[in-house]
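Inspection log for the structure reproduced underneath, given as structure tokens.
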Amino acid sequence: MLATPSTALAPRRRDLDFQLYEVLGLEALLRAPYFADHDRATLDAIVDTAYEIAADHYAPLAAELDAFPFKLENGSVATPAGLKAAMKAIVDAGFLSASFPAELGGLQLPSTLWTAASLVFSASNNNANAYPFLTIGAAHLLAAFGDDEQRARWMTPMIEGRYFGTMALSEPQAGSSLADVATKAVPAGDGTYRLEGNKMWISAAEHDLTENIVNLVLAKLPDAPPGVKGISLFIVPKFLVDENGKPAKRNDVVVTGLNHKLGQRGVINTVLTFGASGECVGYLVGAPHDGMRQMFHMMNEARVAVGAGAVALNLAAYQYSLQYAKDRPQGRLPSDKNPLSPPVAIVEHADVRGMLLRQKAIAEGGMGLVLYCASLVDAALAAPDEKTRQAAELLLDVLTPIAKTWPSEHGIESTSLAIQVLGGYGYSPEYPVERYFRDQRLNPIHEGTTGIQGLDLLGRKVRMQGGAGLTLALETIARDVARARGVEALAAEAGQLAAACAQLAAVTRTLLEAQIDLGPDRALAESTAYLEAFGTIVVAWRWLVQAERAAALPADDFTAGKLAACAYFFRYELPVAELTLARLAKLDDLIFNVRPAML
């Protein structure tokens, strides 16, 4: 076996700083009153700390956690000591409270910065990072919808790292179809509820990392209307707490099995049974039957976070295979016919460079997308007026299904290319790229499958508010296109993107009209293809912005690499989206008309 290359943690620090400060202008955000307590030095120190924790705790644990034999014994699951140490490090450094407002005990840091730190954590060990990621999302939901008592009793211990959190949506018979949730919640007469039912595929609902686990559970009250309008949201803790707020009696929520998955094996995944003894206590969050609206607050955050996790895997796989290609001698160039010539590093072979360039285009383009989405969260918080805030939130709504899906779907290609670069060693467990590929394969399913995201985008997002979200997205892209037209080296790409956006707008109108003329079943049959084409156009936009900023910096290998990756994306990836849109414009009905008996 070859020695594994020694690589720096992904993403490379210069690239992360470039995205944060050159592309997104994060320092300017600090002038807003909401973020005025922070400066560039503070932000840099936090990123430094993220890299230190990743190097000291996350990365050394990654292979062990992937292979750790989690077992369910007497209703409990033990975790390795290294995971406990990693969680303590991230809690002690304040990362769980980083994005929360100061009034709730948080550090009130930009979401963009937390997302950047999360990329560092997930690239070094995406399995370990799932535990704080779920907790932060659950705590954000309680911050938005919980009452003062619920925030004090459940949210505060979560951002302090004493409790961890989960979201419990899926059920064995329903999967992603939340309208078919069957878990019941019955009022107990004392302000609490008794839950009964089963949940499936619930990540991190059992472990020994914290004092307590807070499950956020979707269930239906006895008087619930049918469908998603009848879903309510409940806090269901692992342990009930006493009058002093200390975990006491074990609640009647039991892990009845563990799911063993293709990838992300270091994230304990459970089957939960509520109320086997009739004593599962839950606490209603907000109003009855408002659970889906509340849960989507966490789910939309989770969708962008899944995209960020996919980006992190892409960055890690790319960086590892790049270093391997530079270190690994094999073969000779086609022009060298001398068998006695020494082998060249495989990065010298054009085919290998092509694979690496594609990985770079996917990984760094995806990074630009998810960090931009995080910046929209900050833009809403820092907005000087309501109109500006609403615009930022609207644009984020439109981009969320793209941010979740595009890095996940293309990440399968990207991590597969990393295996290909390593050749036979690539699918050996002694090297991490096969783990990246396995872990990546789950992301197109997590938090709503790719098909669900396509239906969301075409069936809802581009038509809401009379198409205002789509119009805003296209106007925002057009402003950056106009700026890029002034850079001679990018004039062609700017023109190509402008044409692609016009094509997207026209095809969207056709598909929206078809939803009326032909019905939603027919018109939405290829919503996944629409999502893919839209996503590629959006990533092309983020590449154009990166290239425009890089062109303004002193020329070196870093800026040249940005310009080359942008050119690659426009020559190799964007034309595929243009072809897809051309087919969609014809309202091709092949997929819709294939009968099950024909398959």
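The way I read the labels, and the way they are meant: chains A, B, ... in the order of the structure tokens, residue 1 as the first residue of every chain, and ligand 1 as the first ligand shown, with later ones counted on from there.
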Would you pick out the contacts of range 172-189 of chain A at 9 Å or less, using only C-alpha atoms, so that residues sharing its chain but fewer than 6 positions from it are not included, and give the list as a ChimeraX atom specification? /A:195-201,217-222,226-232,234,271,274,281-282,292,447-449,452
If you run DSSP on the backbone, which residues of range 250-315 of chain A are helix (DSSP H, G or I), as a PyMOL selection string? chain A and resi 291-315
If DSSP is run on the backbone, what residues of range 240-461 of chain A are strand (DSSP E or B)? A reply as a count of residues only would be ideal. 24
Per-residue nearest contacts range 90-181 of chain A to range 239-259 of chain A, cut-off 10 Å, using only C-alpha atoms, as CSV:
residue,atom,partner,partner_atom,distance
A:Ala152,CA,A:Gly245,CA,9.1
A:Arg153,CA,A:Gly245,CA,6.4
A:Trp154,CA,A:Gly245,CA,9.1
A:Pro157,CA,A:Gly245,CA,9.7
A:Tyr163,CA,A:Pro247,CA,9.8
Just the selected residues (N, CA and C atoms), exported as a short mmCIF file (atom, residue, chain, number, x, y, z; two decimals), in the first residue's frame, please.
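Below you can see out-v3.cif, which holds the result:
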data_model
loop_
_atom_site.label_atom_id
_atom_site.label_comp_id
_atom_site.auth_asym_id
_atom_site.auth_seq_id
_atom_site.Cartn_x
_atom_site.Cartn_y
_atom_site.Cartn_z
N ALA A 152 -36.05 28.49 28.06
CA ALA A 152 -35.21 28.36 29.25
C ALA A 152 -34.94 26.90 29.60
N ARG A 153 -35.97 26.07 29.47
CA ARG A 153 -35.86 24.69 29.92
C ARG A 153 -35.15 23.80 28.90
N TRP A 154 -35.34 24.08 27.60
CA TRP A 154 -34.81 23.16 26.58
C TRP A 154 -33.78 23.81 25.66
N PRO A 157 -30.12 24.94 27.52
CA PRO A 157 -29.15 23.85 27.69
C PRO A 157 -28.59 23.31 26.38
N TYR A 163 -27.49 19.66 26.50
CA TYR A 163 -28.45 18.81 25.82
C TYR A 163 -28.12 18.85 24.32
#
Tell me, counting only C-alpha atoms, for each residue of range 421-483 of chain A within 10 Å of range 376-393 of chain A, which pair of atoms is nearest and how far apart they are in Å to one decimal, in rows ordered by chain and increasing number, as CSV.
residue,atom,partner,partner_atom,distance
A:Ala468,CA,A:Ala391,CA,9.4
A:Gly469,CA,A:Ala391,CA,8.3
A:Leu472,CA,A:Ala391,CA,7.8
A:Ala473,CA,A:Ala391,CA,9.8
Just to be explicit: take each residue in the selection above, keep N, CA and C atoms, and write the result as a PDB file, in the first residue's frame.
ATOM      1  N   ALA A 468     -42.405  36.586  -7.781  1.00  0.00           N
ATOM      2  CA  ALA A 468     -41.467  37.615  -7.299  1.00  0.00           C
ATOM      3  C   ALA A 468     -40.105  37.027  -6.958  1.00  0.00           C
ATOM      4  N   GLY A 469     -40.086  35.802  -6.437  1.00  0.00           N
ATOM      5  CA  GLY A 469     -38.806  35.195  -6.070  1.00  0.00           C
ATOM      6  C   GLY A 469     -37.931  34.926  -7.277  1.00  0.00           C
ATOM      7  N   LEU A 472     -36.644  38.213  -8.614  1.00  0.00           N
ATOM      8  CA  LEU A 472     -35.560  38.732  -7.778  1.00  0.00           C
ATOM      9  C   LEU A 472     -34.261  37.984  -8.044  1.00  0.00           C
ATOM     10  N   ALA A 473     -34.332  36.664  -8.166  1.00  0.00           N
ATOM     11  CA  ALA A 473     -33.127  35.881  -8.445  1.00  0.00           C
ATOM     12  C   ALA A 473     -32.496  36.302  -9.770  1.00  0.00           C
TER      13      ALA A 473
END
Pick from A:Val306, A:Leu72, A:Leu315, A:Ile516 nearest to Arg13 in chain A, counting only C-alpha atoms: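 Smallest separation from Arg13 in chain A among the options: A:Leu315.
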With distances taken over only C-alpha atoms, which residue among A:Ser341, A:Ser122, A:Thr508, A:Thr536 lies nearest Thr405 in chain A?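 Using only C-alpha atoms, the shortest distance to Thr405 in chain A belongs to A:Thr536.
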Write out as a count of residues only each polymer residue whose atoms come within 8 Å of Ala363 in chain A, counting only C-alpha atoms; drop sequence neighbours fewer than 5 positions from it. 8
Might you pull out every residue within 12 Å of Arg151 in chain A, with only C-alpha atoms counted and same-chain residues fewer than 2 positions away left off, and present them as number ranges by chain? A: 103-105, 138-149, 153-159, 214, 235, 245, 285
With N, CA and C atoms retained, could you export that selection as a short mmCIF file (atom, residue, chain, number, x, y, z; two decimals), in the first residue's frame?
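The result, stored in part_34.cif:
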data_model
loop_
_atom_site.label_atom_id
_atom_site.label_comp_id
_atom_site.auth_asym_id
_atom_site.auth_seq_id
_atom_site.Cartn_x
_atom_site.Cartn_y
_atom_site.Cartn_z
N GLU A 103 -29.24 38.15 23.29
CA GLU A 103 -30.31 38.15 24.27
C GLU A 103 -30.73 36.74 24.67
N LEU A 104 -30.39 35.74 23.83
CA LEU A 104 -30.69 34.35 24.15
C LEU A 104 -29.47 33.60 24.65
N GLY A 105 -28.39 34.32 24.90
CA GLY A 105 -27.18 33.68 25.38
C GLY A 105 -26.20 33.31 24.29
N ALA A 138 -32.37 22.44 15.94
CA ALA A 138 -33.48 22.30 16.88
C ALA A 138 -33.57 23.51 17.81
N ALA A 139 -32.44 24.00 18.26
CA ALA A 139 -32.44 25.17 19.14
C ALA A 139 -32.93 26.42 18.41
N HIS A 140 -32.55 26.56 17.15
CA HIS A 140 -33.06 27.70 16.36
C HIS A 140 -34.58 27.65 16.27
N LEU A 141 -35.13 26.45 16.09
CA LEU A 141 -36.58 26.33 15.99
C LEU A 141 -37.24 26.78 17.29
N LEU A 142 -36.70 26.34 18.43
CA LEU A 142 -37.28 26.75 19.70
C LEU A 142 -37.09 28.24 19.96
N ALA A 143 -36.00 28.80 19.48
CA ALA A 143 -35.81 30.24 19.60
C ALA A 143 -36.89 31.00 18.84
N ALA A 144 -37.32 30.43 17.70
CA ALA A 144 -38.31 31.10 16.86
C ALA A 144 -39.74 30.88 17.35
N PHE A 145 -40.05 29.68 17.86
CA PHE A 145 -41.45 29.33 18.12
C PHE A 145 -41.75 28.93 19.56
N GLY A 146 -40.73 28.63 20.36
CA GLY A 146 -40.98 28.24 21.74
C GLY A 146 -41.37 29.42 22.61
N ASP A 147 -42.03 29.13 23.72
CA ASP A 147 -42.34 30.20 24.68
C ASP A 147 -41.14 30.39 25.60
N ASP A 148 -41.24 31.36 26.50
CA ASP A 148 -40.09 31.68 27.36
C ASP A 148 -39.68 30.48 28.22
N GLU A 149 -40.66 29.76 28.75
CA GLU A 149 -40.33 28.61 29.58
C GLU A 149 -39.64 27.51 28.76
N ARG A 153 -35.97 26.07 29.47
CA ARG A 153 -35.86 24.69 29.92
C ARG A 153 -35.15 23.80 28.90
N TRP A 154 -35.34 24.08 27.60
CA TRP A 154 -34.81 23.16 26.58
C TRP A 154 -33.78 23.81 25.66
N MET A 155 -34.05 25.04 25.19
CA MET A 155 -33.14 25.66 24.24
C MET A 155 -31.82 26.07 24.88
N THR A 156 -31.88 26.72 26.03
CA THR A 156 -30.65 27.20 26.67
C THR A 156 -29.67 26.07 26.95
N PRO A 157 -30.12 24.94 27.52
CA PRO A 157 -29.15 23.85 27.69
C PRO A 157 -28.59 23.31 26.38
N MET A 158 -29.34 23.47 25.28
CA MET A 158 -28.85 23.00 23.98
C MET A 158 -27.71 23.88 23.47
N ILE A 159 -27.90 25.21 23.56
CA ILE A 159 -26.82 26.06 23.05
C ILE A 159 -25.64 26.10 24.01
N VAL A 214 -33.19 16.25 23.23
CA VAL A 214 -34.47 16.90 22.99
C VAL A 214 -34.94 16.53 21.59
N ILE A 235 -42.15 18.93 21.85
CA ILE A 235 -40.87 18.64 22.49
C ILE A 235 -41.04 17.34 23.27
N GLY A 245 -34.91 21.94 36.92
CA GLY A 245 -34.44 21.89 35.55
C GLY A 245 -33.39 20.82 35.31
N VAL A 285 -45.41 22.85 21.00
CA VAL A 285 -44.71 24.08 20.62
C VAL A 285 -45.67 24.94 19.81
#
Distance criterion (only C-alpha atoms): nearest to Ala50 in chain A out of A:Glu532, A:Asp556, A:Glu409, A:Asp92: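 Ranked by minimum distance to Ala50 in chain A, first place goes to A:Asp92.
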Please provide the set of residues having any atom within 12 Å of Ala85 in chain A, restricted to only C-alpha atoms, with same-chain residues fewer than 5 positions apart removed, written as a PDB file with C-alpha atoms, in the first residue's frame.
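For reference, out_24.pdb as written:
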ATOM      1  CA  ILE A  53     -10.424  21.649  16.564  1.00  0.00           C
ATOM      2  CA  ALA A  54     -10.721  19.937  13.194  1.00  0.00           C
ATOM      3  CA  ASP A  56      -6.853  17.974  16.856  1.00  0.00           C
ATOM      4  CA  HIS A  57     -10.197  16.219  17.337  1.00  0.00           C
ATOM      5  CA  TYR A  58     -12.270  15.758  14.188  1.00  0.00           C
ATOM      6  CA  PRO A  60      -8.020  11.928  13.747  1.00  0.00           C
ATOM      7  CA  LEU A  61     -11.397  10.430  14.691  1.00  0.00           C
ATOM      8  CA  THR A  79     -20.007   6.275  21.763  1.00  0.00           C
ATOM      9  CA  PRO A  80     -16.201   6.305  21.412  1.00  0.00           C
ATOM     10  CA  ILE A  90     -16.712  22.324  19.991  1.00  0.00           C
ATOM     11  CA  VAL A  91     -18.975  23.122  22.953  1.00  0.00           C
ATOM     12  CA  ASP A  92     -16.171  24.708  24.991  1.00  0.00           C
ATOM     13  CA  ALA A 128     -19.051  13.981  14.062  1.00  0.00           C
ATOM     14  CA  LEU A 209     -22.719  12.515  24.699  1.00  0.00           C
ATOM     15  CA  THR A 210     -24.946  14.807  26.792  1.00  0.00           C
TER      16      THR A 210
END
Restricting the calculation to only C-alpha atoms: of A:Lys586, A:Arg12, A:Lys71, A:Arg353, which residue gets closest to Ser124 in chain A?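 Among the listed residues, the smallest separation from Ser124 in chain A belongs to A:Arg12.
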Of A:Ala492, A:Leu272, A:Leu24, A:Leu474, the one nearest to Gly75 in chain A when counting only C-alpha atoms is A:Leu272
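For Leu16 in chain A, the residues within 9 Å (counting only C-alpha atoms, excluding itself and residues fewer than 5 positions away along the chain) are Pro11, Tyr21, Ala116 and Met367 of chain A.
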Keeping only N, CA, C and O atoms, write the selected residues to a file as a compact mmCIF listing (two decimals), in the first residue's frame.
# COMPACT_ATOMS: atom_id res chain seq x y z
N PRO A 11 -11.75 23.30 3.74
CA PRO A 11 -11.24 23.95 2.53
C PRO A 11 -9.92 24.68 2.80
O PRO A 11 -9.61 24.99 3.95
N TYR A 21 -14.32 37.20 2.26
CA TYR A 21 -13.99 38.63 2.27
C TYR A 21 -13.93 39.26 0.88
O TYR A 21 -14.36 40.40 0.71
N ALA A 116 -18.97 28.73 7.37
CA ALA A 116 -17.57 28.53 7.00
C ALA A 116 -16.88 27.58 7.98
O ALA A 116 -16.15 26.66 7.57
N MET A 367 -19.27 25.57 -2.81
CA MET A 367 -18.92 26.37 -1.63
C MET A 367 -19.40 27.81 -1.80
O MET A 367 -19.95 28.41 -0.87
Within 12 Å of Val594 in chain A using only C-alpha atoms, minus same-chain residues under 5 positions, as number ranges by chain: A: 522, 525, 588-589, 599
